[in-house]
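**Student:** This is structure-v6.csv, which holds CSV, C-alpha atoms and all ligand atoms:
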chain,number,residue,atom,x,y,z
A,1,MET,CA,39.9,88.1,-11.7
A,2,ALA,CA,40.1,84.3,-11.0
A,3,LYS,CA,38.4,82.2,-13.6
A,4,LEU,CA,34.9,81.4,-12.4
A,5,PHE,CA,33.9,77.8,-11.8
A,6,ARG,CA,30.8,76.2,-13.3
A,7,ALA,CA,29.4,72.8,-12.2
A,8,VAL,CA,26.3,70.7,-12.6
A,9,ILE,CA,25.0,68.0,-10.3
A,10,LEU,CA,22.8,65.3,-11.8
A,11,GLY,CA,20.9,62.5,-10.2
A,12,PRO,CA,17.4,61.0,-9.9
A,13,PRO,CA,14.7,62.5,-7.6
A,14,GLY,CA,15.8,61.9,-4.0
A,15,SER,CA,19.5,61.2,-4.8
A,16,GLY,CA,20.8,64.0,-2.6
A,17,LYS,CA,21.5,66.7,-5.2
A,18,GLY,CA,20.0,69.4,-2.9
A,19,THR,CA,21.7,68.0,0.2
A,20,ILE,CA,25.1,67.9,-1.5
A,21,SER,CA,24.6,71.2,-3.2
A,22,GLU,CA,24.0,73.0,0.1
A,23,ARG,CA,27.3,71.5,1.4
A,24,VAL,CA,29.1,72.6,-1.8
A,25,ALA,CA,27.7,76.1,-1.5
A,26,SER,CA,28.7,76.3,2.2
A,27,SER,CA,32.2,74.8,1.7
A,28,PHE,CA,33.2,76.4,-1.6
A,29,GLY,CA,31.1,79.5,-1.8
A,30,LEU,CA,29.5,78.5,-5.1
A,31,GLN,CA,26.0,79.8,-5.8
A,32,HIS,CA,23.5,76.9,-5.8
A,33,LEU,CA,20.7,77.2,-8.3
A,34,SER,CA,18.1,74.4,-7.9
A,35,SER,CA,15.9,74.2,-11.0
A,36,GLY,CA,13.1,72.5,-9.0
A,37,ASP,CA,13.1,75.3,-6.4
A,38,PHE,CA,13.2,77.9,-9.2
A,39,LEU,CA,10.2,76.2,-10.8
A,40,ARG,CA,8.3,76.2,-7.6
A,41,GLU,CA,9.1,79.9,-7.1
A,42,ASN,CA,7.6,80.5,-10.5
A,43,ILE,CA,4.6,78.4,-9.8
A,44,ALA,CA,4.0,80.3,-6.5
A,45,ALA,CA,4.4,83.6,-8.4
A,46,LYS,CA,2.0,82.4,-11.1
A,47,THR,CA,4.4,83.4,-13.8
A,48,GLU,CA,3.6,82.2,-17.3
A,49,ALA,CA,6.3,79.6,-17.1
A,50,GLY,CA,5.2,78.6,-13.6
A,51,VAL,CA,1.5,78.1,-14.6
A,52,LEU,CA,2.6,76.0,-17.6
A,53,ALA,CA,5.2,74.0,-15.6
A,54,LYS,CA,2.6,73.2,-12.8
A,55,THR,CA,0.5,71.2,-15.2
A,56,TYR,CA,3.5,68.9,-15.9
A,57,ILE,CA,4.9,68.6,-12.4
A,58,GLU,CA,1.5,67.6,-11.0
A,59,LYS,CA,1.6,64.6,-13.4
A,60,GLY,CA,5.2,63.7,-12.4
A,61,ALA,CA,6.2,64.6,-15.9
A,62,LEU,CA,9.1,66.7,-17.1
A,63,VAL,CA,8.5,70.3,-18.1
A,64,PRO,CA,9.1,70.7,-21.8
A,65,ASP,CA,12.7,71.6,-22.8
A,66,HIS,CA,11.9,75.0,-24.3
A,67,VAL,CA,10.0,76.1,-21.2
A,68,MET,CA,12.9,74.9,-18.9
A,69,THR,CA,15.6,76.5,-21.2
A,70,ARG,CA,13.7,79.8,-21.5
A,71,LEU,CA,13.4,79.8,-17.7
A,72,MET,CA,17.0,78.8,-16.7
A,73,LEU,CA,19.3,80.5,-19.2
A,74,PRO,CA,18.2,84.0,-18.4
A,75,ARG,CA,18.7,83.1,-14.7
A,76,LEU,CA,22.2,82.0,-15.4
A,77,VAL,CA,22.9,85.3,-17.3
A,78,GLU,CA,22.0,87.1,-14.0
A,79,MET,CA,24.7,84.9,-12.3
A,80,THR,CA,27.4,85.6,-14.9
A,81,ARG,CA,29.8,87.1,-12.3
A,82,HIS,CA,29.5,84.2,-9.9
A,83,SER,CA,30.7,80.6,-9.7
A,84,TRP,CA,27.7,78.3,-9.6
A,85,LEU,CA,26.4,74.8,-9.1
A,86,LEU,CA,23.3,74.0,-11.1
A,87,ASP,CA,21.0,71.3,-9.6
A,88,GLY,CA,18.4,69.5,-11.6
A,89,PHE,CA,19.1,71.2,-14.9
A,90,PRO,CA,20.0,70.0,-17.5
A,91,ARG,CA,17.7,67.0,-17.3
A,92,THR,CA,17.5,66.2,-21.0
A,93,LEU,CA,20.0,66.2,-23.9
A,94,ALA,CA,18.2,69.2,-25.5
A,95,GLN,CA,18.6,71.1,-22.2
A,96,ALA,CA,22.3,70.0,-22.0
A,97,GLU,CA,23.0,71.2,-25.5
A,98,ALA,CA,21.2,74.6,-24.8
A,99,LEU,CA,23.3,75.0,-21.7
A,100,ASN,CA,26.5,74.0,-23.5
A,101,SER,CA,25.9,76.7,-26.1
A,102,ALA,CA,25.6,79.3,-23.3
A,103,CYS,CA,28.6,78.4,-21.1
A,104,GLU,CA,31.4,75.9,-20.5
A,105,LEU,CA,31.2,73.6,-17.6
A,106,ASP,CA,34.2,72.6,-15.5
A,107,VAL,CA,32.7,69.6,-13.6
A,108,VAL,CA,29.5,67.4,-13.8
A,109,ILE,CA,28.7,65.4,-10.7
A,110,SER,CA,26.4,62.4,-11.2
A,111,LEU,CA,24.8,60.6,-8.3
A,112,ASN,CA,23.9,57.0,-8.8
A,113,ILE,CA,21.6,55.9,-5.9
A,114,PRO,CA,19.7,52.6,-5.7
A,115,LEU,CA,15.9,52.8,-6.5
A,116,GLU,CA,14.8,51.5,-3.1
A,117,THR,CA,17.0,54.1,-1.4
A,118,LEU,CA,15.4,56.8,-3.4
A,119,LYS,CA,11.8,55.7,-2.6
A,120,ASP,CA,12.6,55.4,1.1
A,121,ARG,CA,14.2,58.9,1.2
A,122,LEU,CA,11.3,60.6,-0.6
A,123,ARG,CA,8.7,58.9,1.5
A,124,HIS,CA,10.3,60.6,4.5
A,125,ARG,CA,11.1,64.0,2.9
A,126,TRP,CA,9.4,67.1,4.3
A,127,ILE,CA,9.9,70.6,3.1
A,128,HIS,CA,9.4,74.1,4.3
A,129,PRO,CA,7.9,75.7,1.2
A,130,ALA,CA,8.8,79.3,1.9
A,131,SER,CA,12.5,78.7,2.5
A,132,GLY,CA,13.0,75.4,0.6
A,133,ARG,CA,14.6,73.9,3.7
A,134,VAL,CA,14.6,70.1,3.3
A,135,TYR,CA,14.2,67.6,6.1
A,136,ASN,CA,14.0,63.8,6.4
A,137,MET,CA,12.4,62.0,9.3
A,138,ARG,CA,15.3,59.5,9.2
A,139,PHE,CA,18.3,61.6,8.0
A,140,ASN,CA,17.8,65.1,9.2
A,141,PRO,CA,14.5,65.4,11.1
A,142,PRO,CA,13.1,68.7,12.3
A,143,ARG,CA,13.3,69.4,16.0
A,144,VAL,CA,9.5,69.2,16.2
A,145,GLN,CA,7.8,66.8,13.7
A,146,GLY,CA,6.0,68.6,10.9
A,147,VAL,CA,7.4,72.1,11.9
A,148,ASP,CA,10.2,74.1,10.3
A,149,ASP,CA,13.1,74.6,12.8
A,150,ILE,CA,13.6,78.3,11.9
A,151,SER,CA,10.2,79.7,11.2
A,152,GLY,CA,8.0,77.3,13.2
A,153,GLU,CA,5.8,77.1,10.1
A,154,PRO,CA,4.3,73.8,8.9
A,155,LEU,CA,6.3,71.4,6.7
A,156,ILE,CA,4.7,69.8,3.6
A,157,GLN,CA,5.4,66.9,1.2
A,158,HIS,CA,5.7,67.6,-2.5
A,159,GLU,CA,2.9,66.1,-4.5
A,160,ASP,CA,5.4,64.6,-6.9
A,161,ASP,CA,7.2,62.9,-4.0
A,162,LYS,CA,4.1,60.8,-3.4
A,163,PRO,CA,4.6,57.1,-4.4
A,164,GLU,CA,2.1,57.3,-7.4
A,165,ALA,CA,3.9,60.3,-9.0
A,166,LEU,CA,7.4,59.1,-7.9
A,167,VAL,CA,7.3,55.9,-10.0
A,168,ALA,CA,6.6,57.9,-13.1
A,169,ARG,CA,9.4,60.4,-12.3
A,170,LEU,CA,12.0,57.7,-11.6
A,171,ARG,CA,11.2,55.6,-14.7
A,172,HIS,CA,11.3,58.7,-16.9
A,173,TYR,CA,14.5,60.0,-15.3
A,174,LYS,CA,16.5,56.9,-16.4
A,175,ASP,CA,15.4,57.3,-20.0
A,176,VAL,CA,16.3,61.0,-20.3
A,177,ALA,CA,19.4,61.0,-18.1
A,178,LYS,CA,21.5,58.5,-20.1
A,179,PRO,CA,22.3,60.7,-23.1
A,180,VAL,CA,23.1,63.6,-20.8
A,181,ILE,CA,25.5,61.5,-18.8
A,182,ASP,CA,27.0,60.1,-22.0
A,183,LEU,CA,27.6,63.6,-23.3
A,184,TYR,CA,29.5,64.8,-20.2
A,185,ARG,CA,31.4,61.5,-20.0
A,186,ALA,CA,32.5,62.1,-23.7
A,187,LYS,CA,33.6,65.7,-22.7
A,188,GLY,CA,35.7,64.2,-19.9
A,189,ILE,CA,34.1,66.2,-17.1
A,190,LEU,CA,31.8,63.6,-15.6
A,191,HIS,CA,32.4,62.3,-12.1
A,192,MET,CA,30.0,59.5,-11.0
A,193,PHE,CA,29.4,58.7,-7.3
A,194,SER,CA,27.5,55.7,-6.1
A,195,ASP,CA,26.4,54.9,-2.5
A,196,THR,CA,23.3,54.7,-0.3
A,197,GLU,CA,24.5,57.4,2.1
A,198,THR,CA,25.2,61.1,1.3
A,199,ASP,CA,27.7,61.2,4.3
A,200,ARG,CA,29.8,58.6,2.5
A,201,ILE,CA,29.6,60.3,-0.9
A,202,TRP,CA,30.4,63.8,0.4
A,203,PRO,CA,34.1,63.4,1.2
A,204,TYR,CA,34.7,62.3,-2.3
A,205,VAL,CA,32.8,65.2,-3.8
A,206,SER,CA,34.6,67.6,-1.5
A,207,SER,CA,38.0,66.2,-2.5
A,208,LEU,CA,37.1,66.5,-6.2
A,209,LEU,CA,36.0,70.1,-5.9
A,210,SER,CA,39.0,71.0,-3.7
A,211,ALA,CA,41.2,69.7,-6.5
A,212,LYS,CA,39.3,71.4,-9.3
A,213,ILE,CA,38.4,74.8,-7.8
A,214,PRO,CA,41.4,77.2,-7.7
A,215,THR,CA,42.2,78.1,-4.0
A,216,ASP,CA,42.1,81.8,-4.6
A,217,LEU,CA,38.6,81.5,-6.2
A,218,ALA,CA,37.3,79.3,-3.4
A,219,ASP,CA,38.6,81.8,-0.8
A,220,ALA,CA,37.1,84.7,-2.7
A,221,GLN,CA,33.7,83.0,-3.1
A,222,ARG,CA,33.6,82.0,0.5
A,223,ALA,CA,34.3,85.6,1.5
A,224,THR,CA,31.4,86.9,-0.5
A,225,THR,CA,28.9,84.3,0.8
A,226,HIS,CA,29.8,84.2,4.5
B,1,LIG,N1,18.2,58.5,4.9
B,1,LIG,C1,18.9,59.4,4.1
B,1,LIG,N2,18.3,60.5,3.6
B,1,LIG,C2,19.0,61.3,2.9
B,1,LIG,C3,20.4,61.2,2.6
B,1,LIG,N3,20.8,62.2,1.9
B,1,LIG,C4,19.7,63.0,1.7
B,1,LIG,N4,18.6,62.5,2.3
B,1,LIG,C5,17.2,63.0,2.3
B,1,LIG,O1,16.6,62.4,1.2
B,1,LIG,C6,15.7,63.4,0.6
B,1,LIG,C7,16.2,63.7,-0.8
B,1,LIG,O2,17.4,64.5,-0.7
B,1,LIG,P1,17.5,65.8,-1.6
B,1,LIG,O3,18.8,66.4,-1.4
B,1,LIG,O4,16.3,66.6,-1.5
B,1,LIG,O5,17.5,65.0,-3.1
B,1,LIG,P2,17.4,65.7,-4.5
B,1,LIG,O6,18.2,64.9,-5.4
B,1,LIG,O7,17.6,67.1,-4.4
B,1,LIG,O8,15.8,65.4,-4.8
B,1,LIG,P3,14.9,66.2,-5.9
B,1,LIG,O9,14.7,67.5,-5.3
B,1,LIG,O10,13.6,65.4,-5.8
B,1,LIG,O11,15.5,66.1,-7.2
B,1,LIG,C8,15.7,64.6,1.6
B,1,LIG,O12,14.7,64.4,2.5
B,1,LIG,C9,17.1,64.5,2.3
B,1,LIG,O13,17.1,65.1,3.6
B,1,LIG,C10,21.0,60.0,3.2
B,1,LIG,O14,22.2,59.8,3.0
B,1,LIG,N5,20.3,59.2,3.9
B,2,LIG,N1,15.0,70.3,-15.6
B,2,LIG,C1,13.9,70.1,-14.9
B,2,LIG,C2,13.9,70.2,-13.5
B,2,LIG,C3,12.7,70.0,-12.8
B,2,LIG,N2,11.6,69.6,-13.5
B,2,LIG,C4,10.3,69.3,-12.8
B,2,LIG,O1,10.3,69.9,-11.5
B,2,LIG,C5,10.0,68.8,-10.5
B,2,LIG,C6,10.8,69.1,-9.2
B,2,LIG,O2,12.2,69.1,-9.6
B,2,LIG,P1,13.2,68.6,-8.4
B,2,LIG,O3,14.6,68.9,-9.0
B,2,LIG,O4,12.9,69.4,-7.2
B,2,LIG,O5,12.9,67.1,-8.4
B,2,LIG,C7,10.5,67.5,-11.2
B,2,LIG,O6,9.9,66.4,-10.7
B,2,LIG,C8,10.0,67.8,-12.7
B,2,LIG,O7,8.6,67.6,-12.8
B,2,LIG,C9,11.6,69.4,-14.8
B,2,LIG,O8,10.6,69.0,-15.5
B,2,LIG,N3,12.8,69.7,-15.5
Render the structure in this file as structure tokens.
Ligand SMILES: Nc1nc2c(ncn2[C@@H]2O[C@H](COP(=O)(O)OP(=O)(O)OP(=O)(O)O)[C@@H](O)[C@H]2O)c(=O)[nH]1
Ligand SMILES: Nc1ccn([C@@H]2O[C@H](COP(=O)(O)O)[C@@H](O)[C@H]2O)c(=O)n1

**Tutor:**
Amino acid sequence: MAKLFRAVILGPPGSGKGTISERVASSFGLQHLSSGDFLRENIAAKTEAGVLAKTYIEKGALVPDHVMTRLMLPRLVEMTRHSWLLDGFPRTLAQAEALNSACELDVVISLNIPLETLKDRLRHRWIHPASGRVYNMRFNPPRVQGVDDISGEPLIQHEDDKPEALVARLRHYKDVAKPVIDLYRAKGILHMFSDTETDRIWPYVSSLLSAKIPTDLADAQRATTH
């Protein structure tokens, strides 16, 4: 069986992790696990972790490391037989060390996007909660404003995308992300991408993964996901 491929995508809120992760999943057949979406699923299901996490997310704060690790690592065990791309976790050094003790990563992608670009993107982000489909009134608008293209259900904006919560998220992200980025740079697996447009970053991410993911694995993964 071809060696499985494990990757992480890092970046501040609004940097395009979800957008690029969907393209990676579609192009290379990796399973995309978004920690933010998984948290929101747990919040909606009123699980113990979800109820606790909600109190932090509403304040634009990070969920404590032990809660995130206890939530994410068992989910990764369920995905043991798949190649995957992890989005939004790890967010802190403690989370990165917990992840590193559980599995070996092949690639870490880090998105470096200007602050004003992030603010503008999140101001115009609309989401269909049930599916997690993400829209942007300037980048990928829905056919009908405020309505999900597939289900016809209403779109919402995340509370923590609102400007007052966003400033806290962005300031805090910088403080906690640096040691994580330094850790993966020291491991020699960090690949940093900087631009204001996802469409300009994507070709470089795609080339990197094409070089790193064994062809037989990519073909096998695509076959299972299409
Ligand atoms: N204008 C513009 N919007 C973009 C671009 N790339 C992504 N977006 C939009 O910007 C918003 C943020 O993109 P996401 O992919 O959700 O970013 P993220 O890093 O996953 O954000 P979090 O979930 O908050 O961590 C979404 O509404 C995207 O549709 C781009 O190149 N230009
Ligand atoms: N490792 C993480 C991941 C997420 N959070 C909290 O969830 C919110 C939404 O996450 P997105 O990836 O969709 O932005 C985020 O703002 C954090 O409050 C976390 O605490 N730790």

**Student:** Kindly indicate which residue among A:Ser110, A:His158, A:Arg123, A:Trp84 lies nearest to ligand LIG 2 (chain B), using only C-alpha atoms and all ligand atoms for the distances.

**Tutor:**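 Between A:Ser110, A:His158, A:Arg123, A:Trp84, the residue approaching ligand LIG 2 (chain B) most closely is A:His158.
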
**Student:** Within 7 Å of ligand LIG 1 (chain B), which residues show up when you count all atoms listed in the file? List them as a list in words, please.

**Tutor:** Gly11, Pro12, Pro13, Gly14, Ser15, Gly16, Lys17, Gly18, Thr19, Ile20, Gly36, Gly88, Arg121, Leu122, His124, Arg125, Trp126, Val134, Tyr135, Asn136, Arg138, Phe139, Asn140, Thr196, Glu197, Thr198 and Asp199 of chain A

**Student:** Find the spatial neighbours of Ala98 (chain A), counting only C-alpha atoms, within a cut-off of 9 Å - ignore same-chain residues fewer than 5 positions away - and output them as a list in words.

**Tutor:** Thr69, Leu73, Pro90 and Leu93 of chain A

**Student:** Counting all atoms listed in the file, which residue out of A:Ala61, A:Ala177, A:Leu183, A:Ile189 sits closest to ligand LIG 2 (chain B)?

**Tutor:**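 Smallest distance to ligand LIG 2 (chain B) is found for A:Ala61.
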
**Student:** In Å, rounded to a single decimal, give me how far CA of Leu71 (chain A) is from CA of Lys46 (chain A).

**Tutor:**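 Pair CA of Lys46 (chain A) / CA of Leu71 (chain A) returns 13.4 Å.
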
**Student:** Saving region 99-125 of chain A with N, CA and C atoms, as a PDB file, in the first residue's frame, what would that file be?

**Tutor:**
ATOM      1  N   LEU A  99       0.193  16.770  18.190  1.00  0.00           N
ATOM      2  CA  LEU A  99       0.009  16.171  16.857  1.00  0.00           C
ATOM      3  C   LEU A  99       1.268  15.424  16.437  1.00  0.00           C
ATOM      4  N   ASN A 100       2.421  16.029  16.697  1.00  0.00           N
ATOM      5  CA  ASN A 100       3.691  15.396  16.283  1.00  0.00           C
ATOM      6  C   ASN A 100       3.931  14.085  17.018  1.00  0.00           C
ATOM      7  N   SER A 101       3.365  13.974  18.226  1.00  0.00           N
ATOM      8  CA  SER A 101       3.552  12.710  18.966  1.00  0.00           C
ATOM      9  C   SER A 101       2.621  11.621  18.418  1.00  0.00           C
ATOM     10  N   ALA A 102       1.612  12.056  17.658  1.00  0.00           N
ATOM     11  CA  ALA A 102       0.623  11.085  17.152  1.00  0.00           C
ATOM     12  C   ALA A 102       0.910  10.671  15.721  1.00  0.00           C
ATOM     13  N   CYS A 103       1.536  11.562  14.937  1.00  0.00           N
ATOM     14  CA  CYS A 103       1.802  11.194  13.535  1.00  0.00           C
ATOM     15  C   CYS A 103       2.891  12.093  12.963  1.00  0.00           C
ATOM     16  N   GLU A 104       3.469  11.617  11.841  1.00  0.00           N
ATOM     17  CA  GLU A 104       4.543  12.366  11.178  1.00  0.00           C
ATOM     18  C   GLU A 104       3.965  13.104   9.973  1.00  0.00           C
ATOM     19  N   LEU A 105       4.225  14.391   9.888  1.00  0.00           N
ATOM     20  CA  LEU A 105       3.709  15.205   8.786  1.00  0.00           C
ATOM     21  C   LEU A 105       4.702  15.211   7.629  1.00  0.00           C
ATOM     22  N   ASP A 106       4.148  15.290   6.405  1.00  0.00           N
ATOM     23  CA  ASP A 106       5.003  15.374   5.218  1.00  0.00           C
ATOM     24  C   ASP A 106       5.221  16.822   4.788  1.00  0.00           C
ATOM     25  N   VAL A 107       4.145  17.633   4.861  1.00  0.00           N
ATOM     26  CA  VAL A 107       4.209  19.020   4.376  1.00  0.00           C
ATOM     27  C   VAL A 107       3.381  19.915   5.290  1.00  0.00           C
ATOM     28  N   VAL A 108       3.892  21.109   5.580  1.00  0.00           N
ATOM     29  CA  VAL A 108       3.084  22.139   6.258  1.00  0.00           C
ATOM     30  C   VAL A 108       3.061  23.365   5.360  1.00  0.00           C
ATOM     31  N   ILE A 109       1.865  23.766   4.960  1.00  0.00           N
ATOM     32  CA  ILE A 109       1.658  24.941   4.106  1.00  0.00           C
ATOM     33  C   ILE A 109       1.279  26.102   5.023  1.00  0.00           C
ATOM     34  N   SER A 110       1.958  27.221   4.907  1.00  0.00           N
ATOM     35  CA  SER A 110       1.628  28.386   5.740  1.00  0.00           C
ATOM     36  C   SER A 110       1.282  29.577   4.835  1.00  0.00           C
ATOM     37  N   LEU A 111       0.077  30.130   5.040  1.00  0.00           N
ATOM     38  CA  LEU A 111      -0.400  31.252   4.215  1.00  0.00           C
ATOM     39  C   LEU A 111      -0.117  32.558   4.952  1.00  0.00           C
ATOM     40  N   ASN A 112       0.548  33.466   4.249  1.00  0.00           N
ATOM     41  CA  ASN A 112       0.932  34.748   4.831  1.00  0.00           C
ATOM     42  C   ASN A 112       0.218  35.848   4.055  1.00  0.00           C
ATOM     43  N   ILE A 113      -0.926  36.314   4.581  1.00  0.00           N
ATOM     44  CA  ILE A 113      -1.817  37.227   3.858  1.00  0.00           C
ATOM     45  C   ILE A 113      -1.901  38.563   4.621  1.00  0.00           C
ATOM     46  N   PRO A 114      -1.853  39.687   3.910  1.00  0.00           N
ATOM     47  CA  PRO A 114      -1.881  40.995   4.607  1.00  0.00           C
ATOM     48  C   PRO A 114      -3.158  41.189   5.435  1.00  0.00           C
ATOM     49  N   LEU A 115      -3.017  41.893   6.553  1.00  0.00           N
ATOM     50  CA  LEU A 115      -4.115  42.102   7.507  1.00  0.00           C
ATOM     51  C   LEU A 115      -5.340  42.719   6.837  1.00  0.00           C
ATOM     52  N   GLU A 116      -5.136  43.766   6.050  1.00  0.00           N
ATOM     53  CA  GLU A 116      -6.290  44.435   5.422  1.00  0.00           C
ATOM     54  C   GLU A 116      -7.033  43.495   4.477  1.00  0.00           C
ATOM     55  N   THR A 117      -6.269  42.613   3.817  1.00  0.00           N
ATOM     56  CA  THR A 117      -6.906  41.626   2.923  1.00  0.00           C
ATOM     57  C   THR A 117      -7.782  40.683   3.743  1.00  0.00           C
ATOM     58  N   LEU A 118      -7.272  40.239   4.899  1.00  0.00           N
ATOM     59  CA  LEU A 118      -8.038  39.338   5.767  1.00  0.00           C
ATOM     60  C   LEU A 118      -9.339  40.005   6.230  1.00  0.00           C
ATOM     61  N   LYS A 119      -9.226  41.232   6.682  1.00  0.00           N
ATOM     62  CA  LYS A 119     -10.417  41.946   7.164  1.00  0.00           C
ATOM     63  C   LYS A 119     -11.456  42.072   6.050  1.00  0.00           C
ATOM     64  N   ASP A 120     -10.987  42.430   4.847  1.00  0.00           N
ATOM     65  CA  ASP A 120     -11.909  42.612   3.720  1.00  0.00           C
ATOM     66  C   ASP A 120     -12.596  41.303   3.365  1.00  0.00           C
ATOM     67  N   ARG A 121     -11.812  40.212   3.354  1.00  0.00           N
ATOM     68  CA  ARG A 121     -12.379  38.912   2.977  1.00  0.00           C
ATOM     69  C   ARG A 121     -13.466  38.473   3.973  1.00  0.00           C
ATOM     70  N   LEU A 122     -13.151  38.616   5.258  1.00  0.00           N
ATOM     71  CA  LEU A 122     -14.105  38.117   6.263  1.00  0.00           C
ATOM     72  C   LEU A 122     -15.333  39.009   6.366  1.00  0.00           C
ATOM     73  N   ARG A 123     -15.155  40.268   6.018  1.00  0.00           N
ATOM     74  CA  ARG A 123     -16.326  41.173   6.002  1.00  0.00           C
ATOM     75  C   ARG A 123     -17.357  40.686   4.996  1.00  0.00           C
ATOM     76  N   HIS A 124     -16.866  40.024   3.923  1.00  0.00           N
ATOM     77  CA  HIS A 124     -17.757  39.608   2.838  1.00  0.00           C
ATOM     78  C   HIS A 124     -17.966  38.102   2.790  1.00  0.00           C
ATOM     79  N   ARG A 125     -17.553  37.391   3.872  1.00  0.00           N
ATOM     80  CA  ARG A 125     -17.731  35.942   3.893  1.00  0.00           C
ATOM     81  C   ARG A 125     -19.124  35.577   4.376  1.00  0.00           C
TER      82      ARG A 125
END
